[in-house]
Structure formats: C-alpha cells, structure tokens
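A quick write-up on the structure given underneath.
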Amino acid sequence: MSERRTAGILLVLVLVTGGVLAAESGLAVQFLGTGSYEEATVTVSDENGTELGSVEVTIANTSTKRYVGLSRNDALAWDRGMLFVHEEEDEFGYVMRNMSFPLDIVFVDANGTITEIYHAPTPDEEASESDLDVYRGRAKWVLEVNRGWTNETGVEVGDTVAVPPAAR
C-alpha cells in the first residue's frame with residue numbers, strides 16, 4: 001500500500017474516532033456545518049384573532065440545523081427565536097442539548113394550532129445526553145423562544161401561529 005493511501009486511511013480513522021469521542025462528550029454540535037439560515041417573523045394570535053406576540057425567527061429546516069438548534073448561542077434577544085420545520089406533522093421530542101439559557105418550547109400542528117408548551121430550564125452542566133429531559137409533542141413546527149415569553153404574551157395551547165412562507 002502506498003504511503004499516501006496509508007496516510008489517508010489514518011486521517012479518516014482519526015477524524016471518525018475524534019467525531020465519536022466528540023459526540024460522546026457533547027462537543028459534536030461544534031463541528032457540524034449548518035450553512036446559512038433564513039429568517040422570518042412568526043406571529044401568535046388567540047382564538048379571536050387578537051395578536052398576542054411576534055418574534056423574529058431563524059428557520060431550522062434541515063436535520064443538522066434542528067440538531068444544533070440554539071445551542072451555539074449564549075443568549076437570545078427577547079424578540080428572537082428559532083422555528084424548527086419538519087417535513088410532516090408527527091410526534092417529536094426536543095432536548096436542551098448544550099443550552100446555556102432556558103426556553104419555552106412551543107409545539108405547533110400542521111394547522112398552525114399550538115398543541116403543547118413547555119417551560120424548559122437549562123440542563124445541569126454534568127448532564128449526559130441520556131440524562132436530558134425530553135419535551136414531547138405533536139407538531140409540524142416547533143417554536144423556541146426565551147423562557148417566560150409565552151407567559152408574558154399570554155400565549156396558550158390552542159392559540160394559532162402564523163407560519164411564514166419561508167417555513168412551509
């Protein structure tokens with residue numbers, strides 16, 4: 001075998017092994033390339049059509065973007081959030097992987113109706129992936145905003161989210 005081929009195989013082994021070790025230690029998120037994100041405005045209204053609040057969102061519309069989520073941020077402005085887009089409505093579970101600030105996690109069905117709201121604290125620093133709380137709900141979209149945003153705006157299960165065209 002040529003020296004060049006051997007060096008290439010060793011490099012692949014180092015990268016794969018390093019990736020496995022990084023994943024086990026929770027560092028994998030730092031190495032994932034996500035590409036650019038689209039941004040849009042999400043508005044929430046009650047059953048009478050009264051606007052309760054709106055946030056500027058970054059759209060996470062790929063599996064990598066959904067996995068990374070907001071974990072690369074140290075904080076989030078009060079009027080900002082992330083909208084996770086799934087191909088179809090289904091049952092999904094979200095965790096607070098590598099998060100440094102608490103969130104409200106809002107599950108939204110294919111009709112734009114809020115089905116679940118969780119007020120998620122930051123995980124313990126020593127928590128492993130298997131120790132993380134899983135927040136489950138039926139959704140096509142999941143909106144993450146600062147913890148307390150839904151309480152302050154009066155957003156509740158049953159309210160309607162106007163999903164922007166960029167996230168459809």
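So you can find residues: chains in the structure tokens are A, B, ... in the order shown, residues in each start at 1, and ligands are numbered from 1 in order.
On the backbone of this structure, DSSP gives alpha helix (DSSP H) within segment 57-159 of chain A to Ser63, Thr64, Lys65, Arg66, Tyr67, Val68, Trp149, Thr150, Asn151, Glu152 and Thr153 of chain A.
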Segment 122-136 of chain A environment, 8 Å, only C-alpha atoms, sequence neighbours closer than 3 positions dropped, as a PyMOL selection string = chain A and resi 25-26+91-103+105+118
Asn151 of chain A: which residues within 12 Å, counting only C-alpha atoms, same-chain residues fewer than 3 positions away excluded, as an mmCIF file with C-alpha atoms, in the first residue's frame?
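For reference, part-v3.cif as written:
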data_model
loop_
_atom_site.group_PDB
_atom_site.id
_atom_site.type_symbol
_atom_site.label_atom_id
_atom_site.label_comp_id
_atom_site.auth_asym_id
_atom_site.auth_seq_id
_atom_site.Cartn_x
_atom_site.Cartn_y
_atom_site.Cartn_z
ATOM 1 C CA LEU A 52 -50.587 38.118 21.290
ATOM 2 C CA GLY A 53 -46.968 38.457 20.205
ATOM 3 C CA LEU A 103 -36.534 28.257 26.739
ATOM 4 C CA ASP A 104 -40.233 27.979 26.100
ATOM 5 C CA VAL A 106 -43.942 25.502 21.639
ATOM 6 C CA ILE A 117 -45.949 24.440 25.601
ATOM 7 C CA TYR A 118 -43.037 23.569 27.863
ATOM 8 C CA HIS A 119 -41.027 25.929 30.087
ATOM 9 C CA VAL A 145 -38.296 31.408 22.480
ATOM 10 C CA ASN A 146 -36.932 32.735 25.760
ATOM 11 C CA ARG A 147 -38.451 31.065 28.797
ATOM 12 C CA GLY A 148 -41.356 33.171 30.027
ATOM 13 C CA GLY A 154 -50.493 35.223 27.166
ATOM 14 C CA VAL A 155 -49.808 32.537 24.536
ATOM 15 C CA GLU A 156 -51.560 29.250 25.378
ATOM 16 C CA VAL A 157 -52.293 25.821 23.944
#
Got a sec: who's within 12 Å of Ala162 of chain A, counting only C-alpha atoms, leaving out chain neighbours fewer than 6 positions off, as a PyMOL selection string?
-> chain A and resi 40-46+49+51-55+83+108-114+141+143+168
Which of segment 22-136 of chain A fall in strand (DSSP E or B), as a VMD selection string = chain A and resid 38 to 45 51 to 60 80 to 94 103 to 108 113 to 120 135 to 136
Suppose we keep N, CA and C atoms; can you now write the selection as a short mmCIF file (atom, residue, chain, number, x, y, z; two decimals), in the first residue's frame?
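Below is the file result.cif, written as the result:
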data_model
loop_
_atom_site.label_atom_id
_atom_site.label_comp_id
_atom_site.auth_asym_id
_atom_site.auth_seq_id
_atom_site.Cartn_x
_atom_site.Cartn_y
_atom_site.Cartn_z
N GLU A 38 -32.41 31.00 6.92
CA GLU A 38 -33.38 32.02 6.53
C GLU A 38 -33.96 32.59 7.81
N GLU A 39 -34.47 33.81 7.70
CA GLU A 39 -35.13 34.44 8.84
C GLU A 39 -36.52 34.90 8.42
N ALA A 40 -37.43 34.98 9.38
CA ALA A 40 -38.80 35.40 9.12
C ALA A 40 -39.43 35.86 10.42
N THR A 41 -40.66 36.32 10.34
CA THR A 41 -41.42 36.73 11.52
C THR A 41 -42.54 35.72 11.77
N VAL A 42 -42.68 35.31 13.02
CA VAL A 42 -43.76 34.43 13.45
C VAL A 42 -44.67 35.25 14.37
N THR A 43 -45.97 35.17 14.11
CA THR A 43 -46.96 35.88 14.92
C THR A 43 -47.92 34.87 15.53
N VAL A 44 -48.26 35.08 16.80
CA VAL A 44 -49.21 34.20 17.50
C VAL A 44 -50.46 35.00 17.84
N SER A 45 -51.63 34.40 17.54
CA SER A 45 -52.92 35.04 17.81
C SER A 45 -53.80 34.11 18.62
N GLU A 51 -53.74 39.52 18.06
CA GLU A 51 -52.31 39.22 18.09
C GLU A 51 -51.79 39.29 19.52
N LEU A 52 -51.15 38.20 19.94
CA LEU A 52 -50.59 38.12 21.29
C LEU A 52 -49.11 38.49 21.32
N GLY A 53 -48.39 38.17 20.25
CA GLY A 53 -46.97 38.46 20.21
C GLY A 53 -46.36 38.00 18.90
N SER A 54 -45.20 38.54 18.61
CA SER A 54 -44.46 38.11 17.42
C SER A 54 -42.97 38.10 17.75
N VAL A 55 -42.26 37.24 17.03
CA VAL A 55 -40.82 37.14 17.20
C VAL A 55 -40.17 36.96 15.83
N GLU A 56 -38.96 37.47 15.72
CA GLU A 56 -38.14 37.21 14.54
C GLU A 56 -37.47 35.87 14.76
N VAL A 57 -37.60 34.96 13.80
CA VAL A 57 -37.06 33.62 13.97
C VAL A 57 -36.01 33.29 12.93
N THR A 58 -35.11 32.46 13.35
CA THR A 58 -34.18 31.78 12.46
C THR A 58 -34.83 30.45 12.15
N ILE A 59 -34.82 30.04 10.89
CA ILE A 59 -35.52 28.84 10.48
C ILE A 59 -34.56 27.66 10.40
N ALA A 60 -34.87 26.61 11.17
CA ALA A 60 -34.08 25.37 11.18
C ALA A 60 -34.86 24.34 10.38
N ARG A 80 -36.60 37.41 19.73
CA ARG A 80 -36.00 36.46 18.79
C ARG A 80 -36.34 35.03 19.18
N GLY A 81 -36.23 34.13 18.20
CA GLY A 81 -36.47 32.72 18.46
C GLY A 81 -35.97 31.87 17.31
N MET A 82 -36.30 30.60 17.37
CA MET A 82 -35.96 29.67 16.28
C MET A 82 -37.21 28.87 15.97
N LEU A 83 -37.48 28.69 14.68
CA LEU A 83 -38.61 27.87 14.24
C LEU A 83 -38.06 26.63 13.56
N PHE A 84 -38.36 25.47 14.16
CA PHE A 84 -37.92 24.18 13.64
C PHE A 84 -38.99 23.66 12.69
N VAL A 85 -38.58 23.31 11.49
CA VAL A 85 -39.52 22.86 10.45
C VAL A 85 -39.32 21.37 10.20
N HIS A 86 -40.42 20.62 10.28
CA HIS A 86 -40.41 19.19 9.97
C HIS A 86 -41.20 18.96 8.68
N GLU A 87 -40.83 17.91 7.96
CA GLU A 87 -41.50 17.61 6.68
C GLU A 87 -42.99 17.37 6.85
N GLU A 88 -43.34 16.65 7.94
CA GLU A 88 -44.74 16.30 8.20
C GLU A 88 -45.03 16.46 9.68
N GLU A 89 -46.29 16.59 10.01
CA GLU A 89 -46.70 16.58 11.40
C GLU A 89 -46.48 15.18 11.96
N ASP A 90 -45.91 15.12 13.15
CA ASP A 90 -45.65 13.85 13.80
C ASP A 90 -45.39 14.12 15.28
N GLU A 91 -45.10 13.09 16.03
CA GLU A 91 -44.72 13.21 17.44
C GLU A 91 -43.21 13.43 17.47
N PHE A 92 -42.76 14.50 18.13
CA PHE A 92 -41.34 14.82 18.20
C PHE A 92 -40.93 15.03 19.65
N GLY A 93 -39.66 14.79 19.92
CA GLY A 93 -39.08 15.05 21.23
C GLY A 93 -37.92 16.02 21.10
N TYR A 94 -37.88 17.04 21.94
CA TYR A 94 -36.82 18.03 21.94
C TYR A 94 -36.10 18.00 23.28
N LEU A 103 -35.66 27.99 27.89
CA LEU A 103 -36.53 28.26 26.74
C LEU A 103 -37.98 27.88 27.03
N ASP A 104 -38.88 28.49 26.28
CA ASP A 104 -40.23 27.98 26.10
C ASP A 104 -40.18 27.19 24.80
N ILE A 105 -40.68 25.96 24.82
CA ILE A 105 -40.71 25.11 23.64
C ILE A 105 -42.18 24.94 23.26
N VAL A 106 -42.55 25.43 22.07
CA VAL A 106 -43.94 25.50 21.64
C VAL A 106 -44.14 24.59 20.44
N PHE A 107 -44.97 23.56 20.61
CA PHE A 107 -45.27 22.62 19.53
C PHE A 107 -46.49 23.11 18.76
N VAL A 108 -46.39 23.10 17.42
CA VAL A 108 -47.43 23.65 16.56
C VAL A 108 -47.79 22.62 15.50
N THR A 113 -51.99 25.33 14.95
CA THR A 113 -52.51 25.38 16.32
C THR A 113 -51.46 24.88 17.31
N ILE A 114 -51.29 25.60 18.40
CA ILE A 114 -50.34 25.20 19.44
C ILE A 114 -50.91 24.00 20.18
N THR A 115 -50.12 22.92 20.24
CA THR A 115 -50.56 21.68 20.88
C THR A 115 -49.92 21.46 22.25
N GLU A 116 -48.74 22.00 22.47
CA GLU A 116 -48.02 21.84 23.76
C GLU A 116 -47.11 23.05 23.97
N ILE A 117 -46.94 23.42 25.22
CA ILE A 117 -45.95 24.44 25.60
C ILE A 117 -45.20 23.92 26.82
N TYR A 118 -43.88 23.95 26.74
CA TYR A 118 -43.04 23.57 27.86
C TYR A 118 -42.18 24.76 28.26
N HIS A 119 -41.92 24.90 29.55
CA HIS A 119 -41.03 25.93 30.09
C HIS A 119 -39.78 25.19 30.55
N ALA A 120 -38.79 25.10 29.67
CA ALA A 120 -37.63 24.24 29.89
C ALA A 120 -36.46 24.99 30.52
N TYR A 135 -38.82 16.83 25.88
CA TYR A 135 -40.09 17.54 25.79
C TYR A 135 -40.78 17.07 24.51
N ARG A 136 -41.93 16.41 24.66
CA ARG A 136 -42.60 15.76 23.54
C ARG A 136 -43.90 16.45 23.18
#
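Atom to atom, atom CA of Asn48 of chain A and atom CA of Asp159 of chain A stand 9.3 Å apart.
Reported to one decimal place, the separation of atom CA of Ala166 of chain A from atom CA of Glu152 of chain A is 26.5 Å.
Atom CA of Asn61 of chain A lies 21.1 Å from atom CA of Ala77 of chain A.
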